[in-house]
Structures are given as structure tokens and as C-alpha cells.
file entry_39.pdb (PDB, C-alpha atoms)
ATOM      1  CA  MET A   1     117.497 149.480 110.944  1.00  0.00           C
ATOM      2  CA  THR A   2     116.617 152.988 109.813  1.00  0.00           C
ATOM      3  CA  ALA A   3     118.065 155.899 111.782  1.00  0.00           C
ATOM      4  CA  LEU A   4     115.529 158.023 113.643  1.00  0.00           C
ATOM      5  CA  ILE A   5     114.922 161.764 113.643  1.00  0.00           C
ATOM      6  CA  THR A   6     113.249 163.722 116.427  1.00  0.00           C
ATOM      7  CA  ARG A   7     110.327 166.092 115.975  1.00  0.00           C
ATOM      8  CA  ASP A   8     112.536 169.113 116.691  1.00  0.00           C
ATOM      9  CA  GLU A   9     115.213 167.961 114.229  1.00  0.00           C
ATOM     10  CA  LEU A  10     112.591 167.326 111.569  1.00  0.00           C
ATOM     11  CA  LYS A  11     110.888 170.682 112.078  1.00  0.00           C
ATOM     12  CA  ALA A  12     114.249 172.458 111.757  1.00  0.00           C
ATOM     13  CA  ALA A  13     115.048 170.520 108.562  1.00  0.00           C
ATOM     14  CA  ILE A  14     111.618 171.292 107.064  1.00  0.00           C
ATOM     15  CA  ASP A  15     111.985 174.982 107.980  1.00  0.00           C
ATOM     16  CA  ALA A  16     115.451 175.030 106.372  1.00  0.00           C
ATOM     17  CA  GLY A  17     114.221 173.229 103.254  1.00  0.00           C
ATOM     18  CA  SER A  18     116.949 170.634 103.701  1.00  0.00           C
ATOM     19  CA  VAL A  19     114.824 167.466 103.730  1.00  0.00           C
ATOM     20  CA  THR A  20     112.271 165.647 101.599  1.00  0.00           C
ATOM     21  CA  VAL A  21     109.454 164.333 103.770  1.00  0.00           C
ATOM     22  CA  VAL A  22     107.640 161.158 102.700  1.00  0.00           C
ATOM     23  CA  ASP A  23     104.157 160.336 104.002  1.00  0.00           C
ATOM     24  CA  ALA A  24     104.032 156.537 104.026  1.00  0.00           C
ATOM     25  CA  LEU A  25     100.274 156.516 104.674  1.00  0.00           C
ATOM     26  CA  GLY A  26      99.363 157.988 101.288  1.00  0.00           C
ATOM     27  CA  GLY A  27      95.870 158.108  99.807  1.00  0.00           C
ATOM     28  CA  GLU A  28      93.048 159.604 101.847  1.00  0.00           C
ATOM     29  CA  TYR A  29      95.268 159.986 104.893  1.00  0.00           C
ATOM     30  CA  HIS A  30      97.657 162.190 102.932  1.00  0.00           C
ATOM     31  CA  ALA A  31      94.769 164.162 101.453  1.00  0.00           C
ATOM     32  CA  GLN A  32      93.286 164.843 104.909  1.00  0.00           C
ATOM     33  CA  GLN A  33      96.509 166.033 106.507  1.00  0.00           C
ATOM     34  CA  HIS A  34     100.245 165.685 106.093  1.00  0.00           C
ATOM     35  CA  LEU A  35     103.445 167.316 107.267  1.00  0.00           C
ATOM     36  CA  PRO A  36     104.391 170.471 105.346  1.00  0.00           C
ATOM     37  CA  GLY A  37     105.550 169.614 101.840  1.00  0.00           C
ATOM     38  CA  ALA A  38     105.294 165.853 102.382  1.00  0.00           C
ATOM     39  CA  LEU A  39     105.097 163.601  99.347  1.00  0.00           C
ATOM     40  CA  ALA A  40     102.754 160.593  99.459  1.00  0.00           C
ATOM     41  CA  LEU A  41     104.584 157.319  98.830  1.00  0.00           C
ATOM     42  CA  THR A  42     103.312 153.965 100.073  1.00  0.00           C
ATOM     43  CA  LEU A  43     105.251 150.712 100.100  1.00  0.00           C
ATOM     44  CA  ALA A  44     103.301 149.442  97.083  1.00  0.00           C
ATOM     45  CA  GLU A  45     104.380 152.542  95.106  1.00  0.00           C
ATOM     46  CA  VAL A  46     108.060 152.758  96.069  1.00  0.00           C
ATOM     47  CA  ASP A  47     109.476 150.656  93.234  1.00  0.00           C
ATOM     48  CA  SER A  48     107.462 152.412  90.528  1.00  0.00           C
ATOM     49  CA  LYS A  49     107.461 156.018  91.811  1.00  0.00           C
ATOM     50  CA  ALA A  50     110.581 156.594  93.942  1.00  0.00           C
ATOM     51  CA  SER A  51     112.950 157.509  91.113  1.00  0.00           C
ATOM     52  CA  GLY A  52     110.515 160.114  89.780  1.00  0.00           C
ATOM     53  CA  LEU A  53     109.593 161.616  93.163  1.00  0.00           C
ATOM     54  CA  LEU A  54     113.061 161.307  94.705  1.00  0.00           C
ATOM     55  CA  PRO A  55     115.635 161.654  91.923  1.00  0.00           C
ATOM     56  CA  ASP A  56     118.599 162.433  94.228  1.00  0.00           C
ATOM     57  CA  ARG A  57     119.550 159.198  95.992  1.00  0.00           C
ATOM     58  CA  ASP A  58     121.866 161.100  98.364  1.00  0.00           C
ATOM     59  CA  ALA A  59     119.308 163.706  99.481  1.00  0.00           C
ATOM     60  CA  ALA A  60     118.005 163.750 103.057  1.00  0.00           C
ATOM     61  CA  ILE A  61     114.704 161.861 103.202  1.00  0.00           C
ATOM     62  CA  VAL A  62     112.472 161.332 106.225  1.00  0.00           C
ATOM     63  CA  THR A  63     109.567 158.878 106.230  1.00  0.00           C
ATOM     64  CA  TYR A  64     106.654 158.968 108.667  1.00  0.00           C
ATOM     65  CA  CYS A  65     103.237 157.456 109.159  1.00  0.00           C
ATOM     66  CA  SER A  66     100.624 157.782 111.900  1.00  0.00           C
ATOM     67  CA  ASN A  67     102.372 156.818 115.167  1.00  0.00           C
ATOM     68  CA  PRO A  68     105.024 154.443 116.594  1.00  0.00           C
ATOM     69  CA  GLY A  69     102.707 151.454 116.118  1.00  0.00           C
ATOM     70  CA  CYS A  70     102.398 152.002 112.366  1.00  0.00           C
ATOM     71  CA  PRO A  71     104.858 149.915 110.291  1.00  0.00           C
ATOM     72  CA  ASN A  72     104.517 151.893 107.037  1.00  0.00           C
ATOM     73  CA  SER A  73     107.329 154.397 107.608  1.00  0.00           C
ATOM     74  CA  SER A  74     109.827 151.646 108.433  1.00  0.00           C
ATOM     75  CA  GLN A  75     108.789 149.590 105.415  1.00  0.00           C
ATOM     76  CA  VAL A  76     109.091 152.515 103.012  1.00  0.00           C
ATOM     77  CA  ALA A  77     112.418 153.623 104.536  1.00  0.00           C
ATOM     78  CA  GLU A  78     113.862 150.122 104.279  1.00  0.00           C
ATOM     79  CA  ARG A  79     112.735 149.761 100.664  1.00  0.00           C
ATOM     80  CA  LEU A  80     114.224 153.145  99.726  1.00  0.00           C
ATOM     81  CA  THR A  81     117.505 152.110 101.337  1.00  0.00           C
ATOM     82  CA  ALA A  82     117.423 148.823  99.407  1.00  0.00           C
ATOM     83  CA  LEU A  83     116.983 150.848  96.205  1.00  0.00           C
ATOM     84  CA  GLY A  84     120.175 152.782  96.929  1.00  0.00           C
ATOM     85  CA  TYR A  85     118.975 155.847  98.839  1.00  0.00           C
ATOM     86  CA  THR A  86     121.774 156.733 101.247  1.00  0.00           C
ATOM     87  CA  ASN A  87     120.311 159.278 103.690  1.00  0.00           C
ATOM     88  CA  VAL A  88     116.936 157.941 104.846  1.00  0.00           C
ATOM     89  CA  ARG A  89     115.662 158.479 108.376  1.00  0.00           C
ATOM     90  CA  LYS A  90     112.337 157.814 110.058  1.00  0.00           C
ATOM     91  CA  TYR A  91     110.158 160.047 112.222  1.00  0.00           C
ATOM     92  CA  ARG A  92     108.886 157.191 114.378  1.00  0.00           C
ATOM     93  CA  GLU A  93     106.349 159.235 116.378  1.00  0.00           C
ATOM     94  CA  GLY A  94     104.507 160.200 113.203  1.00  0.00           C
ATOM     95  CA  ILE A  95     101.852 162.738 112.382  1.00  0.00           C
ATOM     96  CA  GLN A  96      99.958 162.074 115.628  1.00  0.00           C
ATOM     97  CA  ASP A  97     102.919 163.451 117.622  1.00  0.00           C
ATOM     98  CA  TRP A  98     103.337 166.368 115.176  1.00  0.00           C
ATOM     99  CA  VAL A  99      99.673 167.403 115.514  1.00  0.00           C
ATOM    100  CA  GLU A 100      99.648 166.960 119.294  1.00  0.00           C
ATOM    101  CA  ALA A 101     102.647 169.310 119.473  1.00  0.00           C
ATOM    102  CA  GLY A 102     100.563 171.961 117.673  1.00  0.00           C
ATOM    103  CA  LEU A 103     102.754 172.040 114.577  1.00  0.00           C
ATOM    104  CA  PRO A 104     101.289 172.955 111.182  1.00  0.00           C
ATOM    105  CA  VAL A 105      99.940 170.422 108.709  1.00  0.00           C
ATOM    106  CA  GLU A 106      98.734 170.709 105.133  1.00  0.00           C
ATOM    107  CA  SER A 107      95.823 169.089 103.319  1.00  0.00           C
ATOM    108  CA  ALA A 108      95.131 168.390  99.658  1.00  0.00           C
TER     109      ALA A 108
END
call {"tool": "encode", "arguments": {"input": "entry_39.pdb", "output": "C-alpha cells"}}
result
Amino acid sequence: MTALITRDELKAAIDAGSVTVVDALGGEYHAQQHLPGALALTLAEVDSKASGLLPDRDAAIVTYCSNPGCPNSSQVAERLTALGYTNVRKYREGIQDWVEAGLPVESA
């Protein structure tokens, strides 16, 4: 089970530059909007791209997807953990919660 992070904790970590945010939706969803600085990484890409995108296996990483009903963030977080990443958490509420709170997003 992946540890969770709250919106406020995640915003503070993004503002401090102390976390790598992973958008588990990827593709068009990532292009349309994503959390500030988020990297796109879907489950299908984790094995081939994680070491290049996330070279520090001890760095703070937070995965997210659309909302609590979306399984992508859990799947990506669990796969990263299986690959030896030691500090992975999940923002369960996802980008829907972030946007509804009026927080900034980026687009490609």
C-alpha cells in the first residue's frame, strides 16, 4: 500500500522544489493539463523510462491521476516501489481535486 499525501502537503513540496511529481495519466491528458512540473509516466512506460526520468531512487516522488476512482497512480506507485524507489507517495484525490481547489496547472 502506497502512503498518501494531502493536497496541502503536495503544494508545499512543489513550492519548495522538494518532490518529483508523476502524472500517471500521460499522453493527451498530460498535454491538456498537469500539476506544475509533473512528468508523464504511465504504467506501460515505467519499466523502460523510470530510470531515465527518475534517476534518484531515494528522491521524494508523488504519483497522481484524475481522481480517487482512477487506478493509474496506485499502479505506477506500486511499480516504482517494486523497482526499488524508496520514497513514493500518492496524491489520491488527483488533478480533479487540485483544479477544484483553484491551484495552478500547466499544459504542454
call {"tool": "resolve_selection", "arguments": {"input": "entry_39.pdb", "expression": "the PyMOL selection byres ((chain A and resi 97) around 12)", "output": "list in words"}}
result
Thr6, Arg7, Asp8, Leu35, Tyr64, Cys65, Ser66, Asn67, Pro68, Tyr91, Arg92, Glu93, Gly94, Ile95, Gln96, Trp98, Val99, Glu100, Ala101, Gly102, Leu103, Pro104 and Val105 of chain A
call {"tool": "write_last_selection", "arguments": {"input": "entry_39.pdb", "atoms": "C-alpha atoms", "output": "tab-separated table (two decimals), in the frame of the given file"}}
result
chain	number	residue	atom	x	y	z
A	6	THR	CA	113.25	163.72	116.43
A	7	ARG	CA	110.33	166.09	115.98
A	8	ASP	CA	112.54	169.11	116.69
A	35	LEU	CA	103.44	167.32	107.27
A	64	TYR	CA	106.65	158.97	108.67
A	65	CYS	CA	103.24	157.46	109.16
A	66	SER	CA	100.62	157.78	111.90
A	67	ASN	CA	102.37	156.82	115.17
A	68	PRO	CA	105.02	154.44	116.59
A	91	TYR	CA	110.16	160.05	112.22
A	92	ARG	CA	108.89	157.19	114.38
A	93	GLU	CA	106.35	159.24	116.38
A	94	GLY	CA	104.51	160.20	113.20
A	95	ILE	CA	101.85	162.74	112.38
A	96	GLN	CA	99.96	162.07	115.63
A	98	TRP	CA	103.34	166.37	115.18
A	99	VAL	CA	99.67	167.40	115.51
A	100	GLU	CA	99.65	166.96	119.29
A	101	ALA	CA	102.65	169.31	119.47
A	102	GLY	CA	100.56	171.96	117.67
A	103	LEU	CA	102.75	172.04	114.58
A	104	PRO	CA	101.29	172.96	111.18
A	105	VAL	CA	99.94	170.42	108.71
call {"tool": "resolve_selection", "arguments": {"input": "entry_39.pdb", "expression": "the PyMOL selection byres ((chain A and resi 21) around 10)", "output": "JSON, numbers by chain"}}
result
{"A": [10, 13, 14, 18, 19, 20, 22, 23, 24, 34, 35, 36, 37, 38, 39, 40, 41, 60, 61, 62, 63, 64, 88, 89, 90, 91]}
call {"tool": "resolve_selection", "arguments": {"input": "entry_39.pdb", "expression": "the PyMOL selection byres ((chain A and resi 84) around 12)", "output": "ChimeraX atom specification"}}
result
/A:47,50-51,54-59,77-83,85-88
call {"tool": "atom_distance", "arguments": {"input": "entry_39.pdb", "atom1": "CA of Thr42 (chain A)", "atom2": "CA of Gly26 (chain A)"}}
result
5.8 Å
call {"tool": "atom_distance", "arguments": {"input": "entry_39.pdb", "atom1": "CA of Ile5 (chain A)", "atom2": "CA of Pro71 (chain A)"}}
result
15.9 Å
call {"tool": "atom_distance", "arguments": {"input": "entry_39.pdb", "atom1": "CA of Ala3 (chain A)", "atom2": "CA of Asp15 (chain A)"}}
result
20.4 Å
call {"tool": "axis_aligned_box", "arguments": {"input": "entry_39.pdb", "around": "region 24-43 of chain A", "padding_each_side": "5 Å", "output": "JSON"}}
result
{"center_x": 99.3, "center_y": 160.6, "center_z": 103.0, "size_x": 22.5, "size_y": 29.8, "size_z": 18.4}
call {"tool": "build_atoms", "arguments": {"input": "entry_39.pdb", "residues": "region 4-15 of chain A", "atoms": "all heavy atoms", "output": "PDB file, in the coordinates of the input"}}
result
ATOM      1  N   LEU A   4     116.692 157.226 113.263  1.00  0.00           N
ATOM      2  CA  LEU A   4     115.529 158.023 113.643  1.00  0.00           C
ATOM      3  C   LEU A   4     115.850 159.507 113.631  1.00  0.00           C
ATOM      4  O   LEU A   4     117.014 159.907 113.718  1.00  0.00           O
ATOM      5  CB  LEU A   4     115.053 157.616 115.038  1.00  0.00           C
ATOM      6  CG  LEU A   4     114.668 156.147 115.218  1.00  0.00           C
ATOM      7  CD1 LEU A   4     114.257 155.878 116.654  1.00  0.00           C
ATOM      8  CD2 LEU A   4     113.549 155.758 114.262  1.00  0.00           C
ATOM      9  N   ILE A   5     114.808 160.316 113.540  1.00  0.00           N
ATOM     10  CA  ILE A   5     114.922 161.764 113.643  1.00  0.00           C
ATOM     11  C   ILE A   5     113.864 162.219 114.641  1.00  0.00           C
ATOM     12  O   ILE A   5     112.763 161.670 114.682  1.00  0.00           O
ATOM     13  CB  ILE A   5     114.756 162.447 112.263  1.00  0.00           C
ATOM     14  CG1 ILE A   5     115.056 163.950 112.339  1.00  0.00           C
ATOM     15  CG2 ILE A   5     113.375 162.189 111.686  1.00  0.00           C
ATOM     16  CD1 ILE A   5     115.163 164.618 110.981  1.00  0.00           C
ATOM     17  N   THR A   6     114.208 163.204 115.454  1.00  0.00           N
ATOM     18  CA  THR A   6     113.249 163.722 116.427  1.00  0.00           C
ATOM     19  C   THR A   6     112.335 164.753 115.777  1.00  0.00           C
ATOM     20  O   THR A   6     112.627 165.275 114.696  1.00  0.00           O
ATOM     21  CB  THR A   6     113.956 164.383 117.620  1.00  0.00           C
ATOM     22  OG1 THR A   6     114.617 165.574 117.144  1.00  0.00           O
ATOM     23  CG2 THR A   6     114.964 163.439 118.276  1.00  0.00           C
ATOM     24  N   ARG A   7     111.248 165.069 116.466  1.00  0.00           N
ATOM     25  CA  ARG A   7     110.327 166.092 115.975  1.00  0.00           C
ATOM     26  C   ARG A   7     111.052 167.423 115.785  1.00  0.00           C
ATOM     27  O   ARG A   7     110.890 168.090 114.762  1.00  0.00           O
ATOM     28  CB  ARG A   7     109.148 166.260 116.932  1.00  0.00           C
ATOM     29  CG  ARG A   7     108.201 167.358 116.491  1.00  0.00           C
ATOM     30  CD  ARG A   7     107.101 167.720 117.475  1.00  0.00           C
ATOM     31  NE  ARG A   7     106.818 166.782 118.513  1.00  0.00           N
ATOM     32  CZ  ARG A   7     106.976 167.068 119.822  1.00  0.00           C
ATOM     33  NH1 ARG A   7     107.445 168.223 120.223  1.00  0.00           N
ATOM     34  NH2 ARG A   7     106.654 166.169 120.729  1.00  0.00           N
ATOM     35  N   ASP A   8     111.840 167.823 116.780  1.00  0.00           N
ATOM     36  CA  ASP A   8     112.536 169.113 116.691  1.00  0.00           C
ATOM     37  C   ASP A   8     113.533 169.138 115.538  1.00  0.00           C
ATOM     38  O   ASP A   8     113.645 170.135 114.822  1.00  0.00           O
ATOM     39  CB  ASP A   8     113.236 169.440 118.011  1.00  0.00           C
ATOM     40  CG  ASP A   8     112.241 169.728 119.140  1.00  0.00           C
ATOM     41  OD1 ASP A   8     111.061 170.034 118.853  1.00  0.00           O
ATOM     42  OD2 ASP A   8     112.654 169.651 120.315  1.00  0.00           O
ATOM     43  N   GLU A   9     114.260 168.033 115.347  1.00  0.00           N
ATOM     44  CA  GLU A   9     115.213 167.961 114.229  1.00  0.00           C
ATOM     45  C   GLU A   9     114.481 168.027 112.894  1.00  0.00           C
ATOM     46  O   GLU A   9     114.920 168.717 111.967  1.00  0.00           O
ATOM     47  CB  GLU A   9     116.022 166.664 114.301  1.00  0.00           C
ATOM     48  CG  GLU A   9     117.010 166.597 115.442  1.00  0.00           C
ATOM     49  CD  GLU A   9     117.607 165.200 115.625  1.00  0.00           C
ATOM     50  OE1 GLU A   9     116.956 164.192 115.278  1.00  0.00           O
ATOM     51  OE2 GLU A   9     118.731 165.139 116.139  1.00  0.00           O
ATOM     52  N   LEU A  10     113.353 167.329 112.806  1.00  0.00           N
ATOM     53  CA  LEU A  10     112.591 167.326 111.569  1.00  0.00           C
ATOM     54  C   LEU A  10     111.996 168.691 111.278  1.00  0.00           C
ATOM     55  O   LEU A  10     112.060 169.172 110.142  1.00  0.00           O
ATOM     56  CB  LEU A  10     111.484 166.267 111.632  1.00  0.00           C
ATOM     57  CG  LEU A  10     110.589 166.161 110.394  1.00  0.00           C
ATOM     58  CD1 LEU A  10     111.401 165.939 109.134  1.00  0.00           C
ATOM     59  CD2 LEU A  10     109.561 165.051 110.582  1.00  0.00           C
ATOM     60  N   LYS A  11     111.450 169.344 112.288  1.00  0.00           N
ATOM     61  CA  LYS A  11     110.888 170.682 112.078  1.00  0.00           C
ATOM     62  C   LYS A  11     111.964 171.645 111.582  1.00  0.00           C
ATOM     63  O   LYS A  11     111.737 172.414 110.649  1.00  0.00           O
ATOM     64  CB  LYS A  11     110.244 171.218 113.348  1.00  0.00           C
ATOM     65  CG  LYS A  11     109.623 172.612 113.100  1.00  0.00           C
ATOM     66  CD  LYS A  11     108.834 173.119 114.237  1.00  0.00           C
ATOM     67  CE  LYS A  11     108.140 174.439 113.941  1.00  0.00           C
ATOM     68  NZ  LYS A  11     108.814 175.373 113.043  1.00  0.00           N
ATOM     69  N   ALA A  12     113.153 171.584 112.186  1.00  0.00           N
ATOM     70  CA  ALA A  12     114.249 172.458 111.757  1.00  0.00           C
ATOM     71  C   ALA A  12     114.645 172.163 110.309  1.00  0.00           C
ATOM     72  O   ALA A  12     114.894 173.087 109.522  1.00  0.00           O
ATOM     73  CB  ALA A  12     115.451 172.289 112.686  1.00  0.00           C
ATOM     74  N   ALA A  13     114.684 170.892 109.930  1.00  0.00           N
ATOM     75  CA  ALA A  13     115.048 170.520 108.562  1.00  0.00           C
ATOM     76  C   ALA A  13     113.977 170.961 107.567  1.00  0.00           C
ATOM     77  O   ALA A  13     114.297 171.436 106.473  1.00  0.00           O
ATOM     78  CB  ALA A  13     115.273 169.012 108.475  1.00  0.00           C
ATOM     79  N   ILE A  14     112.697 170.825 107.935  1.00  0.00           N
ATOM     80  CA  ILE A  14     111.618 171.292 107.064  1.00  0.00           C
ATOM     81  C   ILE A  14     111.706 172.808 106.907  1.00  0.00           C
ATOM     82  O   ILE A  14     111.618 173.336 105.795  1.00  0.00           O
ATOM     83  CB  ILE A  14     110.235 170.872 107.614  1.00  0.00           C
ATOM     84  CG1 ILE A  14     110.043 169.356 107.490  1.00  0.00           C
ATOM     85  CG2 ILE A  14     109.107 171.617 106.894  1.00  0.00           C
ATOM     86  CD1 ILE A  14     108.801 168.818 108.190  1.00  0.00           C
ATOM     87  N   ASP A  15     111.892 173.514 108.027  1.00  0.00           N
ATOM     88  CA  ASP A  15     111.985 174.982 107.980  1.00  0.00           C
ATOM     89  C   ASP A  15     113.155 175.436 107.120  1.00  0.00           C
ATOM     90  O   ASP A  15     113.081 176.455 106.434  1.00  0.00           O
ATOM     91  CB  ASP A  15     112.114 175.559 109.394  1.00  0.00           C
ATOM     92  CG  ASP A  15     110.827 175.415 110.207  1.00  0.00           C
ATOM     93  OD1 ASP A  15     109.763 175.098 109.626  1.00  0.00           O
ATOM     94  OD2 ASP A  15     110.891 175.620 111.438  1.00  0.00           O
TER      95      ASP A  15
END
